[in-house]
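Enquirer: I am sharing my_file-v6.cif, which consists of mmCIF, C-alpha atoms:
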data_protein
#
loop_
_atom_site.label_atom_id
_atom_site.label_comp_id
_atom_site.auth_asym_id
_atom_site.auth_seq_id
_atom_site.Cartn_x
_atom_site.Cartn_y
_atom_site.Cartn_z
CA MET A 22 -32.51 -15.17 3.07
CA LYS A 23 -35.77 -16.28 4.60
CA THR A 24 -39.08 -14.70 3.62
CA ILE A 25 -41.76 -14.96 6.27
CA SER A 26 -45.25 -13.59 6.69
CA PHE A 27 -47.80 -13.77 9.45
CA PHE A 28 -51.02 -13.81 7.48
CA SER A 29 -54.73 -14.47 7.75
CA ALA A 30 -57.66 -13.64 5.54
CA LYS A 31 -59.45 -12.02 8.43
CA GLY A 32 -58.81 -8.60 9.98
CA GLY A 33 -57.87 -8.09 13.62
CA THR A 34 -56.00 -11.36 14.03
CA GLY A 35 -52.66 -9.71 14.75
CA LYS A 36 -50.94 -9.97 11.36
CA THR A 37 -49.31 -6.56 11.51
CA THR A 38 -48.49 -6.82 15.22
CA PHE A 39 -46.74 -10.18 14.74
CA ASN A 40 -44.90 -9.07 11.61
CA MET A 41 -43.72 -5.93 13.39
CA LEU A 42 -42.66 -7.80 16.54
CA LEU A 43 -40.90 -10.45 14.46
CA ALA A 44 -38.92 -7.89 12.44
CA SER A 45 -38.01 -5.96 15.61
CA TRP A 46 -36.96 -9.12 17.48
CA LEU A 47 -34.74 -10.24 14.58
CA LYS A 48 -33.15 -6.83 14.17
CA TYR A 49 -32.76 -5.51 17.71
CA GLU A 50 -32.46 -8.73 19.68
CA LYS A 51 -30.75 -11.07 17.22
CA GLY A 52 -28.79 -8.40 15.31
CA LEU A 53 -29.84 -9.74 11.92
CA ARG A 54 -30.30 -7.90 8.63
CA VAL A 55 -34.04 -7.40 8.23
CA ALA A 56 -36.47 -5.48 6.02
CA VAL A 57 -40.24 -5.28 5.88
CA LEU A 58 -42.38 -4.99 2.76
CA ASP A 59 -45.70 -3.42 3.69
CA PHE A 60 -48.36 -4.43 1.16
CA ASP A 61 -51.28 -3.35 3.31
CA SER A 62 -52.44 -0.54 1.04
CA PRO A 63 -53.79 2.06 1.58
CA GLU A 64 -53.44 2.03 5.38
CA PHE A 65 -49.82 0.83 5.61
CA ASN A 66 -50.22 0.44 9.35
CA LEU A 67 -46.74 -0.95 9.93
CA SER A 68 -45.08 1.84 7.99
CA TYR A 69 -47.39 4.36 9.66
CA THR A 70 -46.35 3.07 13.09
CA ARG A 71 -42.69 3.61 12.15
CA LYS A 72 -43.41 7.21 11.07
CA ARG A 73 -45.46 7.90 14.19
CA GLU A 74 -42.78 6.47 16.47
CA LEU A 75 -40.05 8.55 14.84
CA LYS A 76 -42.18 11.67 15.17
CA TYR A 77 -42.94 10.90 18.82
CA LEU A 78 -39.29 10.27 19.66
CA LYS A 79 -38.00 13.28 17.74
CA GLU A 80 -40.46 15.56 19.51
CA ARG A 81 -38.88 14.39 22.76
CA GLY A 82 -35.34 14.73 21.48
CA GLN A 83 -34.82 10.95 21.55
CA GLY A 84 -34.72 10.34 17.80
CA PRO A 85 -32.92 7.08 17.06
CA ASP A 86 -30.32 6.86 14.31
CA GLU A 87 -32.55 5.89 11.40
CA GLU A 88 -29.74 3.94 9.78
CA GLN A 89 -29.84 1.58 12.73
CA LEU A 90 -33.50 0.71 12.06
CA TYR A 91 -34.75 -1.88 9.61
CA PRO A 92 -36.29 -0.45 6.45
CA VAL A 93 -40.06 -0.59 5.96
CA LEU A 94 -41.04 -0.26 2.30
CA GLU A 95 -44.59 0.58 1.30
CA ILE A 96 -45.62 -1.32 -1.82
CA ASP A 97 -48.27 0.97 -3.20
CA ASP A 98 -50.64 0.71 -6.17
CA TYR A 99 -50.11 -3.01 -6.35
CA GLU A 100 -51.42 -4.45 -9.56
CA GLY A 101 -50.09 -7.96 -9.82
CA ARG A 102 -49.15 -8.10 -13.45
CA LYS A 103 -47.40 -4.74 -13.46
CA SER A 104 -45.69 -4.81 -10.09
CA LEU A 105 -44.89 -8.49 -9.74
CA PRO A 106 -41.67 -8.37 -11.81
CA VAL A 107 -40.53 -5.39 -9.71
CA ILE A 108 -41.32 -7.20 -6.45
CA ARG A 109 -39.59 -10.35 -7.66
CA THR A 110 -36.48 -8.36 -8.59
CA LEU A 111 -36.60 -6.58 -5.25
CA ILE A 112 -36.80 -9.87 -3.35
CA ALA A 113 -34.05 -11.43 -5.48
CA ASP A 114 -31.81 -8.39 -4.96
CA ALA A 115 -32.47 -8.43 -1.23
CA ALA A 116 -31.41 -12.07 -0.96
CA GLY A 117 -27.71 -11.24 -0.79
CA SER A 118 -27.99 -8.39 1.66
CA LEU A 119 -30.70 -9.55 4.06
CA ASP A 120 -31.12 -12.43 6.48
CA VAL A 121 -34.90 -12.15 6.77
CA LEU A 122 -37.55 -10.36 4.73
CA VAL A 123 -40.90 -9.91 6.50
CA LEU A 124 -44.01 -9.41 4.37
CA ASP A 125 -47.09 -7.69 5.80
CA PHE A 126 -50.17 -8.20 3.62
CA GLY A 127 -53.69 -6.83 3.98
CA GLY A 128 -56.42 -9.06 5.36
CA SER A 129 -57.91 -10.40 2.18
CA PHE A 130 -57.31 -13.40 -0.03
CA ASN A 131 -58.70 -12.72 -3.47
CA ASP A 132 -57.42 -12.78 -6.98
CA GLY A 133 -55.15 -9.78 -7.52
CA ASP A 134 -53.96 -9.69 -3.90
CA PRO A 135 -50.17 -9.67 -3.80
CA ILE A 136 -49.91 -12.81 -1.68
CA LEU A 137 -51.62 -14.80 -4.42
CA ASP A 138 -49.12 -13.54 -6.97
CA LEU A 139 -46.08 -14.30 -4.83
CA ILE A 140 -47.05 -17.80 -3.66
CA PRO A 141 -46.98 -19.51 -7.07
CA LYS A 142 -43.54 -18.03 -7.67
CA ASN A 143 -42.23 -19.68 -4.50
CA LEU A 144 -41.22 -16.30 -3.08
CA ILE A 145 -42.41 -16.92 0.48
CA ASP A 146 -40.68 -19.51 2.63
CA LEU A 147 -43.29 -19.67 5.38
CA VAL A 148 -46.78 -18.28 5.97
CA VAL A 149 -47.74 -18.29 9.65
CA VAL A 150 -51.49 -18.32 10.32
CA PRO A 151 -52.94 -17.23 13.69
CA LEU A 152 -55.93 -19.13 15.07
CA GLU A 153 -58.29 -17.93 17.77
CA MET A 154 -60.56 -19.81 20.13
CA ASP A 155 -63.74 -19.44 18.11
CA GLY A 156 -65.33 -22.06 15.86
CA MET A 157 -65.66 -19.81 12.82
CA ILE A 158 -62.15 -18.34 13.13
CA LEU A 159 -60.63 -21.78 13.65
CA SER A 160 -62.43 -23.13 10.62
CA SER A 161 -61.51 -20.11 8.50
CA GLY A 162 -57.82 -20.48 9.46
CA LYS A 163 -57.94 -24.20 8.70
CA SER A 164 -59.51 -23.54 5.31
CA LEU A 165 -57.01 -20.79 4.46
CA ALA A 166 -53.99 -22.89 5.43
CA SER A 167 -55.37 -25.84 3.43
CA VAL A 168 -55.66 -23.68 0.31
CA LEU A 169 -52.16 -22.28 0.85
CA GLU A 170 -50.78 -25.81 1.17
CA GLN A 171 -52.63 -26.88 -1.99
CA LEU A 172 -50.96 -23.97 -3.79
CA GLY A 173 -47.61 -25.38 -2.63
CA GLN A 174 -47.06 -22.86 0.18
CA LYS A 175 -45.52 -24.08 3.43
CA THR A 176 -47.59 -22.96 6.41
CA LEU A 177 -47.55 -23.10 10.18
CA LEU A 178 -50.57 -22.42 12.37
CA PHE A 179 -50.52 -21.25 15.98
CA PHE A 180 -53.07 -20.52 18.66
CA ASN A 181 -53.30 -16.83 19.46
CA LYS A 182 -55.11 -14.92 22.22
CA VAL A 183 -55.34 -17.94 24.52
CA HIS A 184 -55.98 -17.37 28.23
CA GLY A 185 -53.64 -20.16 29.24
CA LYS A 186 -56.07 -22.07 31.46
CA GLU A 187 -57.58 -24.30 28.79
CA LYS A 188 -57.72 -28.04 29.40
CA PRO A 189 -54.81 -29.87 27.71
CA GLN A 190 -57.37 -32.10 26.00
CA LEU A 191 -58.60 -29.07 24.06
CA TYR A 192 -55.32 -28.80 22.20
CA VAL A 193 -55.11 -32.54 21.63
CA GLU A 194 -58.54 -32.48 19.98
CA LEU A 195 -57.94 -29.29 18.00
CA GLU A 196 -54.61 -30.57 16.72
CA ARG A 197 -56.31 -33.78 15.64
CA TRP A 198 -59.01 -31.73 13.89
CA LEU A 199 -56.32 -29.71 12.04
CA ALA A 200 -54.36 -32.83 11.19
CA GLU A 201 -57.43 -34.04 9.23
CA ALA A 202 -56.41 -31.38 6.68
CA GLY A 203 -52.72 -32.29 6.94
CA LEU A 204 -51.88 -29.09 8.85
CA THR A 205 -49.26 -28.53 11.52
CA VAL A 206 -49.73 -26.34 14.53
CA SER A 207 -47.01 -24.77 16.64
CA PRO A 208 -46.71 -25.91 20.28
CA HIS A 209 -46.17 -22.24 21.21
CA ARG A 210 -49.46 -20.61 22.16
CA ILE A 211 -49.68 -16.85 22.49
CA LYS A 212 -51.51 -15.40 25.45
CA ASN A 213 -54.05 -12.68 25.01
CA THR A 214 -52.53 -9.50 26.26
CA VAL A 215 -53.55 -5.96 25.41
CA LYS A 216 -50.00 -4.84 26.11
CA LEU A 217 -48.96 -6.27 22.74
CA ARG A 218 -51.32 -3.88 21.06
CA ARG A 219 -50.04 -0.78 22.81
CA ASP A 220 -47.74 1.53 20.96
CA ALA A 221 -46.40 5.06 20.99
CA ASP A 222 -49.84 6.59 21.48
CA ASN A 223 -49.74 5.33 25.04
CA GLY A 224 -46.58 7.26 25.76
CA SER A 225 -43.73 5.30 27.21
CA ASN A 226 -45.10 1.84 26.49
CA PHE A 227 -43.26 0.51 23.45
CA LEU A 228 -44.06 -3.19 23.53
CA ARG A 229 -45.33 -3.06 19.95
CA SER A 230 -42.65 -1.12 18.18
CA THR A 231 -40.63 -0.85 14.98
CA VAL A 232 -37.68 0.83 16.74
CA GLY A 233 -36.92 -1.67 19.49
CA PHE A 234 -37.83 -5.00 21.06
CA PRO A 235 -38.55 -5.25 24.79
CA THR A 236 -36.99 -8.66 25.40
CA LYS A 237 -37.11 -8.51 29.20
CA GLU A 238 -40.76 -7.47 29.34
CA MET A 239 -41.71 -9.98 26.65
CA GLN A 240 -40.01 -12.80 28.54
CA GLU A 241 -42.23 -11.93 31.53
CA ILE A 242 -45.49 -11.24 29.70
CA ASN A 243 -45.44 -13.60 26.73
CA PRO A 244 -42.34 -15.81 26.61
CA GLU A 245 -44.00 -18.17 24.15
CA LEU A 246 -43.94 -15.39 21.56
CA ILE A 247 -40.15 -15.55 21.50
CA ARG A 248 -40.27 -19.36 21.28
CA LEU A 249 -42.66 -19.03 18.32
CA PHE A 250 -40.29 -16.59 16.61
CA GLU A 251 -37.41 -18.99 17.18
CA GLU A 252 -39.45 -21.77 15.63
CA VAL A 253 -40.54 -19.84 12.52
CA THR A 254 -37.12 -18.33 11.79
CA GLY A 255 -34.84 -21.13 12.92
CA TYR A 256 -32.86 -18.53 14.92
CA GLY A 257 -32.87 -20.21 18.29
CA GLY A 258 -31.54 -19.24 21.70
CA ASP A 259 -28.01 -17.92 22.23
CA MET B 1 -122.75 -2.59 -23.49
CA ALA B 2 -120.45 -1.62 -26.33
CA GLU B 3 -117.35 -3.66 -26.70
CA ILE B 4 -114.09 -1.87 -26.01
CA ASP B 5 -111.18 -2.67 -28.20
CA ILE B 6 -108.35 -2.79 -25.74
CA TYR B 7 -105.87 -1.98 -28.50
CA GLU B 8 -107.49 1.42 -29.02
CA ILE B 9 -106.49 2.33 -25.48
CA ILE B 10 -103.10 0.65 -25.28
CA PRO B 11 -100.94 1.29 -28.36
CA ARG B 12 -99.76 -1.80 -30.05
CA VAL B 13 -96.17 -2.58 -29.40
CA THR B 14 -94.15 -4.66 -31.73
CA LEU B 15 -91.21 -6.41 -30.24
CA THR B 16 -88.31 -6.69 -32.55
CA LYS B 17 -85.62 -9.22 -31.86
CA ILE B 18 -82.29 -7.51 -31.77
CA GLU B 19 -79.34 -9.55 -32.75
CA VAL B 20 -76.46 -8.85 -30.43
CA PRO B 21 -73.15 -9.71 -32.02
CA ALA B 22 -70.95 -11.98 -29.93
CA ARG B 23 -68.17 -10.10 -28.17
CA GLU B 24 -64.85 -10.58 -29.75
CA ARG B 25 -62.50 -12.34 -27.36
CA PRO B 26 -58.85 -11.62 -27.85
CA GLU B 27 -56.42 -14.45 -27.34
CA GLU B 28 -55.87 -14.87 -23.65
CA ASP B 29 -52.57 -13.89 -22.07
CA PRO B 30 -51.08 -17.03 -20.41
CA GLU B 31 -50.44 -15.16 -17.16
CA GLU B 32 -54.03 -13.94 -17.13
CA LYS B 33 -55.18 -17.50 -17.75
CA ALA B 34 -53.09 -18.71 -14.80
CA ARG B 35 -54.59 -15.98 -12.61
CA ARG B 36 -58.10 -17.00 -13.61
CA LYS B 37 -57.35 -20.61 -12.77
CA ARG B 38 -55.89 -19.60 -9.41
CA ARG B 39 -58.97 -17.52 -8.64
CA LYS B 40 -61.15 -20.46 -9.55
CA ASP B 41 -59.08 -22.74 -7.32
CA VAL B 42 -59.25 -20.29 -4.43
CA ARG B 43 -63.00 -19.79 -4.79
CA LYS B 44 -63.46 -23.52 -5.02
CA HIS B 45 -61.53 -24.25 -1.88
CA PHE B 46 -61.51 -21.22 0.38
CA SER B 47 -64.81 -21.10 2.13
CA VAL B 48 -65.75 -21.65 5.72
CA ASP B 49 -67.48 -24.98 6.05
CA LEU B 50 -70.21 -24.38 8.63
CA ASP B 51 -70.26 -28.03 9.69
CA ASP B 52 -66.51 -27.92 10.24
CA ALA B 53 -66.84 -24.66 12.20
CA ALA B 54 -69.55 -26.30 14.34
CA LYS B 55 -67.20 -29.22 14.96
CA ALA B 56 -64.46 -26.83 16.12
CA GLN B 57 -66.92 -24.99 18.35
CA GLU B 58 -68.03 -28.28 19.87
CA ILE B 59 -64.40 -29.12 20.74
CA LEU B 60 -64.07 -25.67 22.33
CA ASN B 61 -67.29 -25.93 24.32
CA LYS B 62 -66.46 -29.40 25.58
CA ASN B 63 -63.01 -28.45 26.84
CA GLN B 64 -63.40 -24.99 28.33
#
Translate the structure of the given file into structure tokens.
Expert:
Amino acid sequence: MKTISFFSAKGGTGKTTFNMLLASWLKYEKGLRVAVLDFDSPEFNLSYTRKRELKYLKERGQGPDEEQLYPVLEIDDYEGRKSLPVIRTLIADAAGSLDVLVLDFGGSFNDGDPILDLIPKNLIDLVVVPLEMDGMILSSGKSLASVLEQLGQKTLLFFNKVHGKEKPQLYVELERWLAEAGLTVSPHRIKNTVKLRRDADNGSNFLRSTVGFPTKEMQEINPELIRLFEEVTGYGGD
Amino acid sequence: MAEIDIYEIIPRVTLTKIEVPARERPEEDPEEKARRKRRKDVRKHFSVDLDDAAKAQEILNKNQ
């Protein structure tokens, strides 16, 4: 089993969107056994999206068979010392019955946050850190990934919300700047598209969903997203 | 002019030193100790270096 998390210490970088899309791609496109642990208390946005989507679909008589969906577990009242043994057991138990476990954490990186309890126990295979085209955000992502690596956590960075018309030299120089800290960046850059952020509230647009994955639309809008997922999971093309 | 004894107006206050006993510290739980060290490590390392951020911004400005 692989345990993967898109994570950053800053809000609004797409953590939950990427974790949701990754879990949905693995389950509905690749047919793998997937579960999500939602640590983002108290909002539980990923779990909330699942509930909202089911409600929306049921109201229209299109309710999917819930057994065909991947489970999303809310990890509530997290207090490291008390819950950590439970989480560790849960992850160990899941190892035999899952291919991939996706972890969605809240956007903070302080003592007592679940990610900082799981990392030293080697419970996460890969933490994927989004970077945006802003000096402060780039530097914050670099600093976060450096700390994660110092704690022994494998990381991968990627450029998110790019417009796709940047000069190639930009990436050469940014990659060099990241390499100063010994960090690796994915060659797959994700375009900025509001469509990724749409969900059931917009009606029929289900690009960001826990109940399906729009492979055809994604191939047209953001094909690099699928390449990035292939890279982080090791589940390549057919 | 008659002299005014300031201490007739303002009551004398005697400051007494209060001994505060040192707080008893129970023996530290090893897991708690590890958490404290991790917090220290994180605080030590995880901060945005403004010079580094300026360097990144310079790369962005130059290439966009």
Enquirer: Evaluated on this file, the PyMOL selection byres ((chain A and resi 62-68) around 10) picks out some residues - which ones are they, written as a PyMOL selection string?
Expert: chain A and resi 37-38+40-41+57-61+69-74+92-99+125-127+230-231
Enquirer: Just to confirm, what's the straight-line distance from CA of Lys36 in chain A to CA of Ser160 in chain A in Å (one decimal)?
Expert: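 Interatomic distance, CA of Lys36 in chain A to CA of Ser160 in chain A: 17.5 Å.
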Enquirer: For chain A against chain B, which residues fall within 8 Å using only C-alpha atoms, given as a PyMOL selection string?
Expert: chain A and resi 131-132+154-161+164-165+168+187-188+190-191+194-195+198
Enquirer: Could you state the separation of CA of Gly128 in chain A and CA of Ala166 in chain A in Å, given to one decimal place?
Expert: 14.0 Å
Enquirer: Identify, on the basis of only C-alpha atoms, every residue whose closest approach to range 203-207 of chain A does not exceed 10 Å; exclude the query and any residue fewer than 5 positions from it along the same chain; express the result as a PDB file with C-alpha atoms, keeping the file's coordinate frame.
Expert:
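Just written: part-v7.pdb:
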ATOM      1  CA  VAL A 149     -47.740 -18.290   9.650  1.00  0.00           C
ATOM      2  CA  VAL A 150     -51.490 -18.320  10.320  1.00  0.00           C
ATOM      3  CA  PRO A 151     -52.940 -17.230  13.690  1.00  0.00           C
ATOM      4  CA  LEU A 152     -55.930 -19.130  15.070  1.00  0.00           C
ATOM      5  CA  LYS A 163     -57.940 -24.200   8.700  1.00  0.00           C
ATOM      6  CA  ALA A 166     -53.990 -22.890   5.430  1.00  0.00           C
ATOM      7  CA  SER A 167     -55.370 -25.840   3.430  1.00  0.00           C
ATOM      8  CA  GLU A 170     -50.780 -25.810   1.170  1.00  0.00           C
ATOM      9  CA  LYS A 175     -45.520 -24.080   3.430  1.00  0.00           C
ATOM     10  CA  THR A 176     -47.590 -22.960   6.410  1.00  0.00           C
ATOM     11  CA  LEU A 177     -47.550 -23.100  10.180  1.00  0.00           C
ATOM     12  CA  LEU A 178     -50.570 -22.420  12.370  1.00  0.00           C
ATOM     13  CA  PHE A 179     -50.520 -21.250  15.980  1.00  0.00           C
ATOM     14  CA  PHE A 180     -53.070 -20.520  18.660  1.00  0.00           C
ATOM     15  CA  TYR A 192     -55.320 -28.800  22.200  1.00  0.00           C
ATOM     16  CA  LEU A 195     -57.940 -29.290  18.000  1.00  0.00           C
ATOM     17  CA  GLU A 196     -54.610 -30.570  16.720  1.00  0.00           C
ATOM     18  CA  ARG A 197     -56.310 -33.780  15.640  1.00  0.00           C
ATOM     19  CA  TRP A 198     -59.010 -31.730  13.890  1.00  0.00           C
ATOM     20  CA  ARG A 248     -40.270 -19.360  21.280  1.00  0.00           C
ATOM     21  CA  LEU A 249     -42.660 -19.030  18.320  1.00  0.00           C
ATOM     22  CA  GLU A 252     -39.450 -21.770  15.630  1.00  0.00           C
ATOM     23  CA  VAL A 253     -40.540 -19.840  12.520  1.00  0.00           C
TER      24      VAL A 253
END
Enquirer: Using the file's own x, y and z axes, what box holds all listed atoms of range 178-196 of chain A with 8 Å on each side, keeping edges along x, y and z, and what are its centre and edge lengths in Å to one decimal, as AutoDock Vina command-line options?
Expert:
--center_x -54.6 --center_y -23.7 --center_z 21.9 --size_x 24.1 --size_y 33.6 --size_z 35.1
Enquirer: When you draw a straight line from CA of Leu124 in chain A to CA of Ser26 in chain A, how long is it in Å?
Expert: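 Going from CA of Leu124 in chain A over to CA of Ser26 in chain A, I get 4.9 Å.
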Enquirer: Counting only C-alpha atoms, figure out which residue out of A:Val183, A:Leu169, A:Leu78, A:Val121 gets nearest to Ile136 in chain A.
Expert: A:Leu169
Enquirer: Hey, what's within 10 Å of Leu90 in chain A if we count all atoms listed in the file and toss same-chain stuff fewer than 2 positions away? As a list in words, please?
Expert: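 Non-adjacent residues within range: Ser45, Lys48, Tyr49, Arg54, Val55, Ala56, Arg71, Pro85, Asp86, Glu87, Glu88, Pro92, Val93, Thr231, Val232 and Gly233 of chain A.
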